[in-house]
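This report refers to the structure that appears directly beneath it.
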Amino acid sequence: MTEVFEGSFTQQEPIPEAGIEAAIGLMRHGRLHRYNVAEGELGETALLEQDFAAYTGASYALAVASGGYAMGCAMRAIGVKAGDRVLSNGFTLAPVPGAIASLGAVPVFVEVTDNLTIDLHDLATRIETSGAKILLLSHMRGHLCDMDALMDLCSRAGVQVIEDCAHTMGARWRDTASGRHGVFGCYSCQTYKHINSGEGGLLVSDDDTAMARAIMLSGSYMLYERHAAAPSPDVFEQVKWDTPNISGRMDNLRAAILRPQLANLDAQVEAWNARYEVMERGLQDVPGLRLIQRNPNGRFVGSSFQFLLPNAGAAEIEHFAARCADRGVELKWFGAETPRAFTSRYDSWRYAGTQRLAQTDRVLAGLLDMRLPLTFSLDDCALIARIIRDEAGQITNPQPVAKLG
């Protein structure tokens with residue numbers, strides 16, 4: 001009998017009761033704006049920033065309207081301006097180059113490896129040839145490169161790093177939280193990320209001046225002293241007169257539903273990784289299918305799953321994905337000629353100019369991607385792996401794929 005998965009790849013867990021109660025309390029008193037607080041009250045947004053700074057080990061944190069806003073704000077705060085060239089991964093999603101383009105800056109894409117991380121050799125070349133002094137590093141789908149090697153390379157080249165951690169909130173490189181290597185770490189709280197407020201974002205930094213600028217940029221007016229995880233007022237005196245207000249604040253309602261989720265994030269990470277491991281075991285040694293190798297120095301968050309069909313042609317992959325869909329398994333293919341839903345690739349973003357990345361093209365041509373929401377059980381994940389394994393076996397003459405070291 002042919003197995004079919006009947007669950008939803010887009011159904012998230014409910015908001016915790018503590019978050020619902022906090023949100024209802026806010027709606028009852030009506031003080032939703034982050035700076036609309038009662039005498040002596042520290043609002044939910046300021047409390048979230050305090051909590052998130054402590055969670056990541058950062059000196060400062062700022063809650064904003066979205067992950068995309070966080071990246072744009074971070075780049076503005078360190079002085080990126082129109083015409084500047086900004087390096088970023090060739091494998092990422094549209095909000096990353098979109099944040100660069102929103103400043104009038106020019107994305108310079110860097111090749112991706114077979115393990116879906118930025119290619120450090122190509123990065124060194126493009127630093128030299130482009131003259132770019134900023135890297136907006138995307139930890140796309142939670143895949144962490146060798147952060148020690150990357151930071152050493154960028155430090156020697158005088159390149160400032162901003163980390164896009166939309167897929168790595170809760171992840172670590174060795175003992176350091178993802179987002180804590182660069183000048184800024186940027187996070188998303190959009191529905192399909194690791195804590196969910198529908199939309200929302202966070203920034204962390206240890207840089208006094210850069211964070212003061214970011215807070216002014218976000219729309220603090222002269223109310224920056226109402227931030228609990230911020231630099232001292234004297235730092236704001238140095239930047240407040242020449243930093244524009246580009247409003248993108250988070251509100252207290254979103255912060256209220258995020259705080260209980262953040263408190264439970266480590267347990268959620270373990271739950272995601274348990275599901276990931278079931279998928280990984282179920283797809284070991286499938287002819288023609290390559291699993292992604294992760295660096296053992298990184299603690300990842302397995303909220304999504306990727307694999308490669310490197311020897312299959314485009315038509316074969318289209319048919320494979322369609323057969324999986326018929327059996328209830330939703331796969332996104334990064335090799336499609338045109339963008340589909342949330343999935344697009346660097347050559348889709350025409351505002352970024354024409355660039356060709358031969359190695360990245362080869363990788364994306366065989367790359368398939370799927371969400372692993374926590375509404376899936378371990379048995380669900382085992383079933384999904386069996387379906388993928390079964391349908392991969394229908395690919396004509398699948399060739400063995402060598403494991404990557």
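Residues are referred to by chain and number: the chain letter is A, B, ... according to the order shown in the structure tokens, the number counts from 1 in that chain, and ligands are numbered separately from 1 in the order shown.
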
With the cut-off set at 12 Å and counting only C-alpha atoms, tabulate each residue of region 129-224 of chain A with an atom at most that distance from an atom of region 243-265 of chain A, showing the nearest atom pair and its distance in Å to one decimal, ordered by chain and increasing number, as JSON lines.
{"residue": "A:Thr168", "atom": "CA", "partner": "A:Leu265", "partner_atom": "CA", "distance": 11.6}
{"residue": "A:Met169", "atom": "CA", "partner": "A:Leu265", "partner_atom": "CA", "distance": 8.7}
{"residue": "A:Gly170", "atom": "CA", "partner": "A:Leu265", "partner_atom": "CA", "distance": 6.8}
{"residue": "A:Ala171", "atom": "CA", "partner": "A:Leu265", "partner_atom": "CA", "distance": 10.3}
{"residue": "A:Ser188", "atom": "CA", "partner": "A:Leu258", "partner_atom": "CA", "distance": 11.4}
{"residue": "A:Cys189", "atom": "CA", "partner": "A:Leu258", "partner_atom": "CA", "distance": 8.2}
{"residue": "A:Gln190", "atom": "CA", "partner": "A:Arg254", "partner_atom": "CA", "distance": 10.6}
{"residue": "A:Thr191", "atom": "CA", "partner": "A:Leu258", "partner_atom": "CA", "distance": 11.2}
{"residue": "A:Lys193", "atom": "CA", "partner": "A:Leu265", "partner_atom": "CA", "distance": 11.3}
{"residue": "A:His194", "atom": "CA", "partner": "A:Leu265", "partner_atom": "CA", "distance": 7.6}
{"residue": "A:Ile195", "atom": "CA", "partner": "A:Gln261", "partner_atom": "CA", "distance": 5.9}
{"residue": "A:Asn196", "atom": "CA", "partner": "A:Leu258", "partner_atom": "CA", "distance": 6.6}
{"residue": "A:Ser197", "atom": "CA", "partner": "A:Arg254", "partner_atom": "CA", "distance": 5.5}
{"residue": "A:Gly198", "atom": "CA", "partner": "A:Arg254", "partner_atom": "CA", "distance": 8.2}
{"residue": "A:Glu199", "atom": "CA", "partner": "A:Arg254", "partner_atom": "CA", "distance": 8.2}
{"residue": "A:Gly200", "atom": "CA", "partner": "A:Met250", "partner_atom": "CA", "distance": 6.6}
{"residue": "A:Gly201", "atom": "CA", "partner": "A:Met250", "partner_atom": "CA", "distance": 7.7}
{"residue": "A:Leu202", "atom": "CA", "partner": "A:Met250", "partner_atom": "CA", "distance": 8.9}
{"residue": "A:Leu203", "atom": "CA", "partner": "A:Met250", "partner_atom": "CA", "distance": 11.5}
{"residue": "A:Thr209", "atom": "CA", "partner": "A:Thr243", "partner_atom": "CA", "distance": 11.3}
{"residue": "A:Ala210", "atom": "CA", "partner": "A:Thr243", "partner_atom": "CA", "distance": 10.9}
{"residue": "A:Met211", "atom": "CA", "partner": "A:Thr243", "partner_atom": "CA", "distance": 11.7}
{"residue": "A:Ala212", "atom": "CA", "partner": "A:Thr243", "partner_atom": "CA", "distance": 9.4}
{"residue": "A:Arg213", "atom": "CA", "partner": "A:Thr243", "partner_atom": "CA", "distance": 6.4}
{"residue": "A:Ala214", "atom": "CA", "partner": "A:Thr243", "partner_atom": "CA", "distance": 8.7}
{"residue": "A:Ile215", "atom": "CA", "partner": "A:Arg249", "partner_atom": "CA", "distance": 9.0}
{"residue": "A:Met216", "atom": "CA", "partner": "A:Asn245", "partner_atom": "CA", "distance": 6.2}
{"residue": "A:Leu217", "atom": "CA", "partner": "A:Asn245", "partner_atom": "CA", "distance": 4.7}
{"residue": "A:Ser218", "atom": "CA", "partner": "A:Ser247", "partner_atom": "CA", "distance": 4.7}
{"residue": "A:Gly219", "atom": "CA", "partner": "A:Ser247", "partner_atom": "CA", "distance": 4.3}
{"residue": "A:Ser220", "atom": "CA", "partner": "A:Asn245", "partner_atom": "CA", "distance": 7.7}
{"residue": "A:Tyr221", "atom": "CA", "partner": "A:Asn245", "partner_atom": "CA", "distance": 7.3}
{"residue": "A:Met222", "atom": "CA", "partner": "A:Asn245", "partner_atom": "CA", "distance": 10.6}

Self-check item: Selection: 10 Å around Pro233 (chain A), only C-alpha atoms, excl. self and same-chain fewer than 5 positions, as number ranges by chain
Solution: A: 212, 224-225, 238

File of the preceding selection, C-alpha atoms, as a PDB file, in the first residue's frame:
ATOM      1  CA  ALA A 212      23.013  53.744  19.566  1.00  0.00           C
ATOM      2  CA  TYR A 224      16.235  56.036  24.121  1.00  0.00           C
ATOM      3  CA  GLU A 225      16.533  55.957  27.918  1.00  0.00           C
ATOM      4  CA  GLN A 238      27.250  61.699  20.039  1.00  0.00           C
TER       5      GLN A 238
END

Tell me, which residues of region 150-387 of chain A carry DSSP helix (DSSP H, G or I), written as a PyMOL selection string?
chain A and resi 150-157+208-217+224-226+233-239+252-263+265-282+314-326+346-348+350-352+358-365+378-387

- Item | Within 10 Å of Leu357 (chain A) using only C-alpha atoms, minus same-chain residues under 4 positions, as a PyMOL selection string | chain A and resi 90+109-112+346-347+361-362

Now that the selection is made, can you save its residues with N, CA and C atoms as a compact mmCIF listing (two decimals), in the first residue's frame?
# COMPACT_ATOMS: atom_id res chain seq x y z
N GLY A 90 25.65 33.69 -2.40
CA GLY A 90 24.84 33.45 -3.59
C GLY A 90 23.61 32.62 -3.27
N PHE A 109 27.68 38.84 -4.94
CA PHE A 109 27.40 37.49 -4.48
C PHE A 109 28.65 36.63 -4.46
N VAL A 110 28.69 35.73 -3.47
CA VAL A 110 29.83 34.83 -3.25
C VAL A 110 29.35 33.39 -3.44
N GLU A 111 30.20 32.56 -4.00
CA GLU A 111 29.84 31.17 -4.27
C GLU A 111 29.49 30.42 -2.98
N VAL A 112 28.70 29.36 -3.16
CA VAL A 112 28.31 28.48 -2.06
C VAL A 112 28.96 27.12 -2.26
N TYR A 346 19.73 33.85 -6.72
CA TYR A 346 20.41 35.11 -6.99
C TYR A 346 20.16 35.65 -8.39
N ASP A 347 19.98 34.78 -9.39
CA ASP A 347 19.77 35.29 -10.75
C ASP A 347 18.33 35.73 -10.98
N ASP A 361 25.39 27.67 -9.15
CA ASP A 361 24.40 27.16 -10.11
C ASP A 361 24.35 25.64 -10.06
N ARG A 362 25.52 25.01 -10.01
CA ARG A 362 25.57 23.54 -9.97
C ARG A 362 24.91 23.00 -8.70

| said: Report as a list in words all protein, DNA and RNA residues lying within 8 Å of Pro97 (chain A), evaluated on only C-alpha atoms, omitting residues in the same chain fewer than 5 positions from it. | reply: Ser88, Pro107, Trp349 and Ala352 of chain A

Selected residues written out, N, CA and C atoms, as a PDB file, in the first residue's frame:
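Output below, filename again-v9.pdb:
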ATOM      1  N   SER A  88      27.674  39.082  -0.100  1.00  0.00           N
ATOM      2  CA  SER A  88      26.705  38.187   0.525  1.00  0.00           C
ATOM      3  C   SER A  88      26.683  36.857  -0.220  1.00  0.00           C
ATOM      4  N   PRO A 107      24.772  44.499  -4.239  1.00  0.00           N
ATOM      5  CA  PRO A 107      25.136  43.160  -3.782  1.00  0.00           C
ATOM      6  C   PRO A 107      26.255  42.558  -4.638  1.00  0.00           C
ATOM      7  N   TRP A 349      17.028  38.041  -8.946  1.00  0.00           N
ATOM      8  CA  TRP A 349      16.980  39.385  -8.380  1.00  0.00           C
ATOM      9  C   TRP A 349      17.649  40.353  -9.348  1.00  0.00           C
ATOM     10  N   ALA A 352      19.855  43.347  -8.667  1.00  0.00           N
ATOM     11  CA  ALA A 352      21.219  43.146  -8.192  1.00  0.00           C
ATOM     12  C   ALA A 352      22.238  43.116  -9.325  1.00  0.00           C
TER      13      ALA A 352
END
